$ cat input_29.txt   # compact mmCIF, C-alpha atoms (C1' of nucleotides) and all ligand atoms
# COMPACT_ATOMS: atom_id res chain seq x y z
CA MET A 1 11.21 2.64 61.80
CA THR A 2 8.21 0.39 61.30
CA PRO A 3 8.41 -2.34 58.68
CA ASN A 4 5.51 -0.78 56.78
CA THR A 5 6.11 2.31 54.68
CA HIS A 6 3.29 4.70 53.88
CA ASP A 7 3.06 3.28 50.37
CA GLN A 8 2.72 -0.24 51.60
CA LEU A 9 -0.04 0.79 53.97
CA LEU A 10 -1.85 2.46 51.11
CA LYS A 11 -1.55 -0.62 48.96
CA LYS A 12 -2.87 -2.76 51.79
CA LYS A 13 -5.91 -0.51 52.08
CA GLN A 14 -6.49 -0.65 48.33
CA VAL A 15 -6.36 -4.41 48.29
CA GLU A 16 -8.80 -4.71 51.18
CA GLN A 17 -11.14 -2.34 49.45
CA MET A 18 -10.89 -4.29 46.22
CA LEU A 19 -11.80 -7.54 47.96
CA ALA A 20 -14.65 -5.95 49.89
CA GLU A 21 -16.05 -4.31 46.76
CA HIS A 22 -16.28 -7.72 45.15
CA GLY A 23 -18.11 -9.25 48.07
CA ILE A 24 -15.13 -11.13 49.42
CA PHE A 25 -14.83 -11.40 53.17
CA VAL A 26 -11.36 -10.16 54.10
CA THR A 27 -9.25 -12.55 56.16
CA ALA A 28 -5.57 -12.43 57.08
CA GLN A 29 -4.63 -15.06 54.48
CA ARG A 30 -6.73 -13.56 51.71
CA ARG A 31 -5.11 -10.19 52.33
CA ILE A 32 -1.61 -11.68 52.17
CA ILE A 33 -2.41 -13.61 49.02
CA ALA A 34 -4.12 -10.66 47.33
CA GLU A 35 -1.23 -8.33 48.16
CA ALA A 36 1.27 -10.66 46.51
CA LEU A 37 -0.99 -11.40 43.58
CA PHE A 38 -2.18 -7.89 42.78
CA ALA A 39 1.13 -6.15 43.45
CA ARG A 40 1.57 -6.10 39.66
CA ASN A 41 0.11 -7.45 36.45
CA GLN A 42 1.37 -10.98 36.22
CA HIS A 43 0.66 -14.46 34.94
CA ILE A 44 1.41 -16.81 37.79
CA THR A 45 0.75 -20.44 38.65
CA ALA A 46 -0.74 -21.61 41.93
CA ASP A 47 2.50 -22.85 43.32
CA GLN A 48 4.57 -19.93 42.12
CA LEU A 49 2.12 -17.86 44.14
CA LEU A 50 2.49 -20.22 47.10
CA ASP A 51 6.26 -19.74 46.99
CA LEU A 52 5.92 -15.99 46.59
CA VAL A 53 3.56 -15.66 49.54
CA ASN A 54 5.63 -17.84 51.83
CA LYS A 55 8.97 -16.35 50.84
CA ASN A 56 8.84 -13.69 53.54
CA GLY A 57 8.16 -15.73 56.64
CA THR A 58 4.38 -15.76 56.28
CA LYS A 59 2.81 -19.19 56.10
CA VAL A 60 -0.24 -19.86 54.01
CA SER A 61 -1.28 -23.37 53.09
CA LYS A 62 -1.53 -24.71 49.57
CA ALA A 63 -5.23 -25.42 50.11
CA THR A 64 -5.85 -21.79 50.94
CA ILE A 65 -3.99 -20.66 47.84
CA TYR A 66 -6.29 -22.80 45.71
CA ASN A 67 -9.38 -21.79 47.66
CA SER A 68 -8.55 -18.12 47.34
CA LEU A 69 -7.64 -18.25 43.67
CA GLY A 70 -10.89 -20.08 43.01
CA LEU A 71 -12.85 -17.51 44.98
CA PHE A 72 -11.10 -14.58 43.30
CA ALA A 73 -11.79 -16.13 39.90
CA ASP A 74 -15.47 -16.64 40.73
CA LYS A 75 -15.74 -12.99 41.74
CA GLY A 76 -14.00 -11.85 38.57
CA LEU A 77 -10.79 -10.56 40.15
CA VAL A 78 -8.46 -12.95 38.33
CA ARG A 79 -8.66 -14.87 35.08
CA GLU A 80 -7.70 -18.50 34.68
CA ILE A 81 -5.73 -19.31 31.55
CA HIS A 82 -5.45 -22.96 30.64
CA ILE A 83 -2.41 -23.53 28.47
CA ASN A 84 -2.38 -27.29 28.67
CA ALA A 85 -3.34 -30.12 30.96
CA SER A 86 -0.64 -29.26 33.51
CA LYS A 87 -0.19 -25.54 33.11
CA THR A 88 -2.79 -23.15 34.49
CA PHE A 89 -1.91 -19.50 34.86
CA TYR A 90 -3.77 -16.97 36.95
CA ASP A 91 -3.79 -13.50 35.44
CA SER A 92 -3.86 -10.72 38.02
CA ASN A 93 -5.16 -8.42 35.31
CA ALA A 94 -8.76 -9.52 34.82
CA SER A 95 -9.64 -6.82 32.31
CA ARG A 96 -10.49 -7.90 28.78
CA HIS A 97 -7.31 -8.85 26.97
CA HIS A 98 -5.79 -11.96 25.45
CA HIS A 99 -2.46 -13.70 25.06
CA PHE A 100 0.38 -15.01 23.01
CA TYR A 101 1.93 -18.19 24.34
CA ASN A 102 5.39 -19.11 23.09
CA VAL A 103 5.66 -22.88 23.06
CA ASP A 104 9.44 -22.69 22.77
CA THR A 105 10.06 -20.41 25.75
CA GLY A 106 6.91 -20.88 27.82
CA ASP A 107 6.35 -17.11 27.84
CA LEU A 108 2.79 -15.86 28.14
CA ILE A 109 2.53 -12.35 26.74
CA ASP A 110 -0.36 -9.89 26.74
CA MET A 111 -1.94 -9.09 23.40
CA LYS A 112 -2.88 -5.58 22.46
CA GLU A 113 -6.55 -4.80 22.88
CA ARG A 114 -7.12 -3.88 19.24
CA LEU A 115 -6.40 -7.46 18.22
CA VAL A 116 -9.25 -8.83 20.28
CA PRO A 117 -12.05 -10.42 18.31
CA LEU A 118 -15.56 -9.03 18.35
CA PHE A 119 -18.51 -11.21 19.11
CA LEU A 120 -22.17 -10.47 18.76
CA GLN A 121 -24.38 -11.60 21.57
CA SER A 122 -26.85 -12.90 18.99
CA ASP A 123 -24.25 -15.34 17.66
CA LEU A 124 -23.98 -17.21 20.95
CA PRO A 125 -25.77 -20.54 21.29
CA ASP A 126 -29.48 -20.09 22.06
CA GLY A 127 -30.28 -19.49 25.70
CA THR A 128 -26.71 -18.76 26.74
CA VAL A 129 -24.82 -15.66 27.79
CA MET A 130 -21.11 -15.04 27.43
CA GLU A 131 -18.96 -15.64 30.45
CA THR A 132 -15.42 -15.20 29.16
CA ALA A 133 -13.65 -15.09 25.82
CA ASP A 134 -10.46 -17.10 26.19
CA VAL A 135 -8.01 -16.57 23.38
CA VAL A 136 -4.49 -17.92 23.28
CA ILE A 137 -2.48 -17.52 20.10
CA ARG A 138 0.26 -20.11 20.26
CA VAL A 139 3.48 -19.02 18.58
CA ARG A 140 6.88 -20.61 18.22
CA ASN A 141 10.32 -19.20 17.60
CA GLN A 142 11.13 -18.62 13.95
CA SER A 143 13.42 -21.34 12.59
CA PRO A 144 17.01 -20.02 12.29
CA MET B 1 -21.53 -61.27 3.31
CA THR B 2 -18.24 -59.92 4.58
CA PRO B 3 -18.26 -57.67 7.63
CA ASN B 4 -16.80 -54.83 5.55
CA THR B 5 -19.08 -52.93 3.23
CA HIS B 6 -17.76 -51.12 0.20
CA ASP B 7 -18.08 -47.80 2.03
CA GLN B 8 -16.11 -49.00 5.00
CA LEU B 9 -13.34 -50.25 2.74
CA LEU B 10 -13.21 -46.87 1.06
CA LYS B 11 -13.05 -45.12 4.39
CA LYS B 12 -10.22 -47.38 5.50
CA LYS B 13 -8.27 -46.53 2.35
CA GLN B 14 -8.91 -42.82 2.87
CA VAL B 15 -7.70 -42.95 6.44
CA GLU B 16 -4.50 -44.77 5.48
CA GLN B 17 -3.90 -42.24 2.75
CA MET B 18 -4.48 -39.38 5.16
CA LEU B 19 -1.93 -40.74 7.61
CA ALA B 20 0.62 -41.45 4.89
CA GLU B 21 0.19 -38.00 3.39
CA HIS B 22 1.07 -36.51 6.75
CA GLY B 23 4.22 -38.57 7.12
CA ILE B 24 2.74 -40.98 9.64
CA PHE B 25 3.87 -44.60 9.42
CA VAL B 26 0.70 -46.68 9.27
CA THR B 27 0.42 -49.42 11.88
CA ALA B 28 -2.50 -51.63 12.85
CA GLN B 29 -3.24 -49.62 16.00
CA ARG B 30 -2.91 -46.26 14.32
CA ARG B 31 -5.32 -47.34 11.63
CA ILE B 32 -7.88 -48.53 14.18
CA ILE B 33 -7.55 -45.34 16.19
CA ALA B 34 -7.71 -43.08 13.15
CA GLU B 35 -10.78 -44.86 11.80
CA ALA B 36 -12.67 -44.31 15.04
CA LEU B 37 -11.42 -40.74 15.44
CA PHE B 38 -11.94 -39.48 11.90
CA ALA B 39 -15.23 -41.28 11.26
CA ARG B 40 -16.90 -37.94 11.93
CA ASN B 41 -16.22 -34.45 13.21
CA GLN B 42 -16.13 -34.78 16.95
CA HIS B 43 -14.70 -33.40 20.16
CA ILE B 44 -13.52 -36.39 22.15
CA THR B 45 -11.34 -37.04 25.19
CA ALA B 46 -8.52 -39.57 25.27
CA ASP B 47 -10.41 -42.08 27.29
CA GLN B 48 -13.66 -41.65 25.44
CA LEU B 49 -11.61 -42.58 22.38
CA LEU B 50 -10.08 -45.52 24.25
CA ASP B 51 -13.57 -46.80 25.06
CA LEU B 52 -14.76 -46.21 21.50
CA VAL B 53 -11.82 -48.07 19.98
CA ASN B 54 -12.05 -51.02 22.35
CA LYS B 55 -15.83 -51.29 22.21
CA ASN B 56 -15.80 -53.72 19.27
CA GLY B 57 -13.41 -56.37 20.46
CA THR B 58 -10.21 -54.64 19.33
CA LYS B 59 -7.68 -53.98 22.03
CA VAL B 60 -5.47 -50.91 21.98
CA SER B 61 -3.65 -49.72 25.07
CA LYS B 62 -4.13 -46.41 26.77
CA ALA B 63 -0.48 -45.54 26.13
CA THR B 64 -0.97 -46.03 22.41
CA ILE B 65 -4.05 -43.81 22.44
CA TYR B 66 -2.00 -41.03 24.00
CA ASN B 67 1.00 -41.68 21.76
CA SER B 68 -1.15 -41.61 18.64
CA LEU B 69 -3.14 -38.54 19.61
CA GLY B 70 0.12 -36.76 20.35
CA LEU B 71 1.55 -37.82 17.02
CA PHE B 72 -1.59 -36.83 15.10
CA ALA B 73 -1.57 -33.46 16.84
CA ASP B 74 2.09 -32.88 15.98
CA LYS B 75 1.32 -33.62 12.36
CA GLY B 76 -1.66 -31.31 12.33
CA LEU B 77 -4.38 -33.93 11.96
CA VAL B 78 -6.16 -33.16 15.22
CA ARG B 79 -6.39 -30.11 17.44
CA GLU B 80 -6.04 -30.20 21.20
CA ILE B 81 -8.51 -28.04 23.09
CA HIS B 82 -7.74 -27.37 26.73
CA ILE B 83 -10.90 -26.49 28.58
CA ASN B 84 -9.50 -26.77 32.06
CA ALA B 85 -6.88 -28.61 34.07
CA SER B 86 -8.68 -31.92 33.77
CA LYS B 87 -10.54 -31.66 30.49
CA THR B 88 -8.67 -31.92 27.19
CA PHE B 89 -10.63 -32.51 24.01
CA TYR B 90 -9.25 -33.70 20.72
CA ASP B 91 -10.99 -32.21 17.72
CA SER B 92 -11.06 -34.52 14.71
CA ASN B 93 -11.67 -31.48 12.55
CA ALA B 94 -8.31 -29.69 12.48
CA SER B 95 -9.39 -26.98 10.05
CA ARG B 96 -9.45 -23.44 11.34
CA HIS B 97 -12.48 -22.92 13.55
CA HIS B 98 -13.16 -22.15 17.17
CA HIS B 99 -15.56 -23.04 19.94
CA PHE B 100 -18.24 -22.22 22.43
CA TYR B 101 -17.98 -24.10 25.70
CA ASN B 102 -21.06 -24.22 27.89
CA VAL B 103 -19.93 -24.40 31.50
CA ASP B 104 -23.38 -25.50 32.63
CA THR B 105 -23.78 -28.43 30.25
CA GLY B 106 -20.18 -29.22 29.30
CA ASP B 107 -21.07 -28.94 25.60
CA LEU B 108 -18.31 -27.90 23.21
CA ILE B 109 -19.85 -26.40 20.07
CA ASP B 110 -18.22 -25.30 16.85
CA MET B 111 -18.24 -21.57 16.11
CA LYS B 112 -19.03 -20.27 12.68
CA GLU B 113 -15.99 -19.31 10.65
CA ARG B 114 -17.03 -15.69 10.17
CA LEU B 115 -16.64 -15.05 13.88
CA VAL B 116 -12.98 -15.96 13.87
CA PRO B 117 -10.63 -13.13 14.76
CA LEU B 118 -8.10 -11.79 12.31
CA PHE B 119 -4.46 -11.47 13.20
CA LEU B 120 -1.67 -9.78 11.37
CA GLN B 121 1.61 -11.64 11.24
CA SER B 122 3.34 -8.38 12.08
CA ASP B 123 1.53 -8.16 15.38
CA LEU B 124 3.07 -11.36 16.71
CA PRO B 125 5.96 -11.14 19.18
CA ASP B 126 9.26 -10.47 17.41
CA GLY B 127 10.94 -13.55 16.01
CA THR B 128 7.92 -15.81 16.35
CA VAL B 129 5.48 -17.38 13.92
CA MET B 130 1.93 -18.39 14.60
CA GLU B 131 1.28 -22.02 15.40
CA THR B 132 -2.39 -22.11 16.36
CA ALA B 133 -5.10 -19.68 17.39
CA ASP B 134 -7.00 -21.23 20.25
CA VAL B 135 -10.24 -19.52 21.04
CA VAL B 136 -12.84 -20.74 23.48
CA ILE B 137 -15.78 -18.53 24.29
CA ARG B 138 -17.17 -19.73 27.56
CA VAL B 139 -20.92 -19.32 27.90
CA ARG B 140 -23.41 -20.28 30.56
CA ASN B 141 -27.14 -20.92 30.49
CA GLN B 142 -29.26 -17.80 30.81
CA SER B 143 -30.69 -17.43 34.32
CA PRO B 144 -34.40 -18.41 34.38
C1' DA C 1 -18.12 -16.14 77.40
C1' DT C 2 -20.80 -18.80 74.20
C1' DC C 3 -22.16 -20.10 69.89
C1' DA C 4 -22.72 -21.03 65.01
C1' DA C 5 -20.80 -20.23 60.78
C1' DT C 6 -16.95 -19.79 58.08
C1' DT C 7 -12.08 -20.37 57.07
C1' DT C 8 -7.75 -22.59 57.27
C1' DT C 9 -4.91 -26.47 57.35
C1' DA C 10 -2.08 -30.96 56.69
C1' DG C 11 -2.17 -34.50 54.37
C1' DA C 12 -4.64 -37.99 51.80
C1' DA C 13 -7.01 -38.90 47.64
C1' DC C 14 -7.89 -38.31 42.95
C1' DT C 15 -6.93 -38.49 38.06
C1' DA C 16 -5.26 -37.11 33.53
C1' DT C 17 -1.10 -37.70 31.54
C1' DT C 18 3.69 -39.24 31.05
C1' DC C 19 7.27 -42.42 31.84
C1' DT C 20 9.64 -46.96 32.10
C1' DA C 21 11.42 -50.80 30.51
C1' DA C 22 10.17 -55.08 28.59
C1' DT C 23 8.21 -57.21 24.58
C1' DG C 24 6.58 -57.34 19.86
C1' DC C 25 6.85 -56.39 15.07
C1' DC C 26 8.77 -55.77 10.66
C1' DA C 27 11.94 -54.54 6.86
C1' DC C 28 16.20 -55.41 5.11
C1' DG C 29 20.65 -57.23 4.11
C1' DA C 30 23.84 -61.08 4.67
C1' DT D 1 16.09 -67.87 5.96
C1' DC D 2 17.97 -65.99 9.64
C1' DG D 3 19.65 -62.17 12.36
C1' DT D 4 19.81 -57.47 13.44
C1' DG D 5 18.27 -52.76 14.26
C1' DG D 6 14.86 -49.66 14.90
C1' DC D 7 10.39 -48.43 15.95
C1' DA D 8 5.91 -49.31 18.08
C1' DT D 9 3.13 -51.17 21.64
C1' DT D 10 2.16 -52.40 26.17
C1' DA D 11 1.07 -52.88 31.41
C1' DG D 12 1.71 -50.77 35.03
C1' DA D 13 4.23 -47.42 37.88
C1' DA D 14 5.20 -42.72 38.54
C1' DT D 15 4.16 -37.89 38.35
C1' DA D 16 1.93 -33.74 39.46
C1' DG D 17 -1.76 -30.38 39.56
C1' DT D 18 -5.82 -30.09 41.87
C1' DT D 19 -9.55 -31.35 45.00
C1' DC D 20 -11.20 -33.45 49.07
C1' DT D 21 -11.49 -34.58 54.11
C1' DA D 22 -12.09 -33.82 58.60
C1' DA D 23 -10.27 -31.51 62.38
C1' DA D 24 -8.67 -27.14 64.41
C1' DA D 25 -8.75 -22.14 64.28
C1' DT D 26 -10.95 -17.84 63.65
C1' DT D 27 -14.68 -14.83 63.28
C1' DG D 28 -18.57 -11.79 64.43
C1' DA D 29 -22.82 -11.87 66.76
C1' DT D 30 -25.40 -12.64 70.81
MN MN A 201 3.40 -25.14 39.25
MN MN A 202 -11.75 -38.65 30.27
ZN ZN A 203 -2.59 -11.19 30.69
ZN ZN A 204 -14.45 -28.17 16.67
$ encode --input "input_29.txt" --output "structure tokens" --more "lines below"
Ligand SMILES: [Mn+2]
Ligand SMILES: [Mn+2]
Ligand SMILES: [Zn+2]
Ligand SMILES: [Zn+2]
Amino acid sequence: MTPNTHDQLLKKKQVEQMLAEHGIFVTAQRRIIAEALFARNQHITADQLLDLVNKNGTKVSKATIYNSLGLFADKGLVREIHINASKTFYDSNASRHHHFYNVDTGDLIDMKERLVPLFLQSDLPDGTVMETADVVIRVRNQSP
Amino acid sequence: MTPNTHDQLLKKKQVEQMLAEHGIFVTAQRRIIAEALFARNQHITADQLLDLVNKNGTKVSKATIYNSLGLFADKGLVREIHINASKTFYDSNASRHHHFYNVDTGDLIDMKERLVPLFLQSDLPDGTVMETADVVIRVRNQSP
DNA sequence: ATCAATTTTAGAACTATTCTAATGCCACGA
DNA sequence: TCGTGGCATTAGAATAGTTCTAAAATTGAT
């Protein structure tokens, strides 16, 4: 019995294809990182991802984690979410959606699409085009 | 001729009143910091404010700048805006409004009120109440 | 095999922010 | 007026997320 099931092989193919389609040269480390990152929709920090990737014997350096996350973000595969000066999440779901952040629990929760604001291109500052719309609604637990 | 004009004295009074109304004990340093910060609507970083405050002979420590900004933010007098891991702005206008951030120029520009999204309390996660709605629309300069 | 270009890496460097612990300040009551 | 308690302020150290450096590894092309 090989360590790779059919499903895992499929997923590996999908991830490679995804990277290639976005003009990202596939390397061993990028494949490992992308497989861990895109295995599910998640909000993860750089060093949570480092731990996750290196949990199973593989060894990827911290620098490569940052390099790859930066590259993936540039190519539009992940979204950076800046909660505060020392908390940056990477969202493996880069499609248009926004978030609730619970300051009491630290939870970052996806917001339903229908709540997303609408912007008109013509309302942007002159000579600019929209890159991303970053929305974080901070909530706290109701007082008891 | 005294160094303080009538207008400046008025402004000083107003600032003290503002702090007191928000339950902030007025101290010499807090008054100096608040006068510089609330002199106009601005988006300013902690050490820009440190420079501004200490420009005219006064001497306030970096720790006090951070302590005061944190206190003012807790009391709802300023808004923190987290652009990225190493760029936090303090907005001296804490009223509800949002921002465009130009990644090419670094400009942070106020957004007109009518573009602000609407949220229904009932759409928040169960058991939570809204604290702030932080919206930053990132734009970049149109390609030439 | 050789080569140039790109990627990875360990660890150092950087830097915004927070922490520490000593000192200062001030109001109040004895 | 003096002493005490409680904050506030401070210099500088510590922290920690991120970026940088420069050397080694990998890659695909010739
Ligand atoms: Mn982390
Ligand atoms: Mn700064
Ligand atoms: Zn999300
Ligand atoms: Zn503003």
$ residues_near_ligand --input "input_29.txt" --ligand "ligand ZN 204 (chain A)" --cutoff "9 Å" --atoms "all atoms listed in the file" --output "PyMOL selection string"
chain B and resi 41-43+79+81+90-99+108-111
$ residues_around --input "input_29.txt" --residues "Lys75 of chain A" --least-positions-apart "4" --cutoff "8 Å" --atoms "all atoms listed in the file" --output "ChimeraX atom specification"
/A:22-24,71
$ atom_distance --input "input_29.txt" --atom1 "atom CA of Ala28 of chain A" --atom2 "atom ZN of ligand ZN 203 (chain A)"
26.6 Å
$ residues_near_ligand --input "input_29.txt" --ligand "ligand MN 201 (chain A)" --cutoff "7 Å" --atoms "all atoms listed in the file" --output "list in words"
Thr45, Ala46, Asp47 and Gln48 of chain A
$ write_last_selection --input "input_29.txt" --atoms "C-alpha atoms" --output "mmCIF file, keeping the file's coordinate frame"
data_model
loop_
_atom_site.group_PDB
_atom_site.id
_atom_site.type_symbol
_atom_site.label_atom_id
_atom_site.label_comp_id
_atom_site.auth_asym_id
_atom_site.auth_seq_id
_atom_site.Cartn_x
_atom_site.Cartn_y
_atom_site.Cartn_z
ATOM 1 C CA THR A 45 0.750 -20.440 38.650
ATOM 2 C CA ALA A 46 -0.740 -21.610 41.930
ATOM 3 C CA ASP A 47 2.500 -22.850 43.320
ATOM 4 C CA GLN A 48 4.570 -19.930 42.120
#
$ residues_near_ligand --input "input_29.txt" --ligand "ligand MN 202 (chain A)" --cutoff "10 Å" --atoms "only C-alpha atoms (C1' of nucleotides) and all ligand atoms" --output "list in words"
Ile44, Thr45, Ala46, Asp47, Gln48, Leu49, Leu50, Asp51, Ser86, Lys87, Thr88 and Phe89 of chain B; DT15 and DA16 of chain C
$ interface_residues --input "input_29.txt" --of "chain D" --to "chain B" --cutoff "12 Å" --atoms "all atoms listed in the file" --output "PyMOL selection string"
chain D and resi 7-12+16-19
$ interface_residues --input "input_29.txt" --of "chain B" --to "chain A" --cutoff "8 Å" --atoms "only C-alpha atoms" --output "VMD selection string"
chain B and resid 82 to 88 100 102 115 to 119 124 to 125 127 to 142
$ closest_residue --input "input_29.txt" --among "A:Leu19, A:Ala39, A:Ile65, A:Val78" --to "chain C" --atoms "only C-alpha atoms (C1' of nucleotides)"
A:Ile65
$ axis_aligned_box --input "input_29.txt" --around "segment 15-28 of chain B" --padding-each-side "3 Å" --output "AutoDock Vina command-line options"
--center_x -1.7 --center_y -44.1 --center_z 7.8 --size_x 17.9 --size_y 21.1 --size_z 16.1
$ residues_around --input "input_29.txt" --residues "DG6 of chain D" --least-positions-apart "4" --cutoff "12 Å" --atoms "only C-alpha atoms (C1' of nucleotides)" --output "JSON, numbers by chain"
{"C": [25, 26, 27, 28]}
$ interface_residues --input "input_29.txt" --of "chain C" --to "chain A" --cutoff "12 Å" --atoms "all atoms listed in the file" --output "list of chain:residue names"
C:DT6, C:DT7, C:DT8, C:DT9, C:DA10, C:DG11, C:DT15, C:DA16, C:DT17, C:DT18
$ atom_distance --input "input_29.txt" --atom1 "atom CA of Val15 of chain B" --atom2 "atom CA of Gly57 of chain B"
20.2 Å
$ build_atoms --input "input_29.txt" --residues "segment 125-137 of chain A" --atoms "N, CA and C atoms" --output "mmCIF file, in the coordinates of the input"
data_model
loop_
_atom_site.group_PDB
_atom_site.id
_atom_site.type_symbol
_atom_site.label_atom_id
_atom_site.label_comp_id
_atom_site.auth_asym_id
_atom_site.auth_seq_id
_atom_site.Cartn_x
_atom_site.Cartn_y
_atom_site.Cartn_z
ATOM 1 N N PRO A 125 -24.756 -19.481 21.318
ATOM 2 C CA PRO A 125 -25.770 -20.540 21.290
ATOM 3 C C PRO A 125 -27.045 -20.067 21.994
ATOM 4 N N ASP A 126 -28.190 -20.504 21.498
ATOM 5 C CA ASP A 126 -29.480 -20.090 22.060
ATOM 6 C C ASP A 126 -29.542 -20.321 23.570
ATOM 7 N N GLY A 127 -30.044 -19.337 24.271
ATOM 8 C CA GLY A 127 -30.280 -19.490 25.700
ATOM 9 C C GLY A 127 -29.033 -19.370 26.554
ATOM 10 N N THR A 128 -27.934 -18.923 25.961
ATOM 11 C CA THR A 128 -26.710 -18.760 26.740
ATOM 12 C C THR A 128 -26.248 -17.310 26.738
ATOM 13 N N VAL A 129 -25.448 -16.987 27.742
ATOM 14 C CA VAL A 129 -24.820 -15.660 27.790
ATOM 15 C C VAL A 129 -23.318 -15.859 27.922
ATOM 16 N N MET A 130 -22.569 -14.895 27.422
ATOM 17 C CA MET A 130 -21.110 -15.040 27.430
ATOM 18 C C MET A 130 -20.566 -14.901 28.846
ATOM 19 N N GLU A 131 -19.629 -15.742 29.162
ATOM 20 C CA GLU A 131 -18.960 -15.640 30.450
ATOM 21 C C GLU A 131 -17.580 -15.043 30.229
ATOM 22 N N THR A 132 -16.746 -15.738 29.480
ATOM 23 C CA THR A 132 -15.420 -15.200 29.160
ATOM 24 C C THR A 132 -15.081 -15.558 27.710
ATOM 25 N N ALA A 133 -14.192 -14.775 27.142
ATOM 26 C CA ALA A 133 -13.650 -15.090 25.820
ATOM 27 C C ALA A 133 -12.170 -15.410 26.031
ATOM 28 N N ASP A 134 -11.825 -16.661 25.918
ATOM 29 C CA ASP A 134 -10.460 -17.100 26.190
ATOM 30 C C ASP A 134 -9.727 -17.321 24.879
ATOM 31 N N VAL A 135 -8.743 -16.515 24.641
ATOM 32 C CA VAL A 135 -8.010 -16.570 23.380
ATOM 33 C C VAL A 135 -6.531 -16.732 23.678
ATOM 34 N N VAL A 136 -5.938 -17.765 23.180
ATOM 35 C CA VAL A 136 -4.490 -17.920 23.280
ATOM 36 C C VAL A 136 -3.960 -18.222 21.881
ATOM 37 N N ILE A 137 -3.139 -17.308 21.376
ATOM 38 C CA ILE A 137 -2.480 -17.520 20.100
ATOM 39 C C ILE A 137 -1.144 -18.176 20.400
#
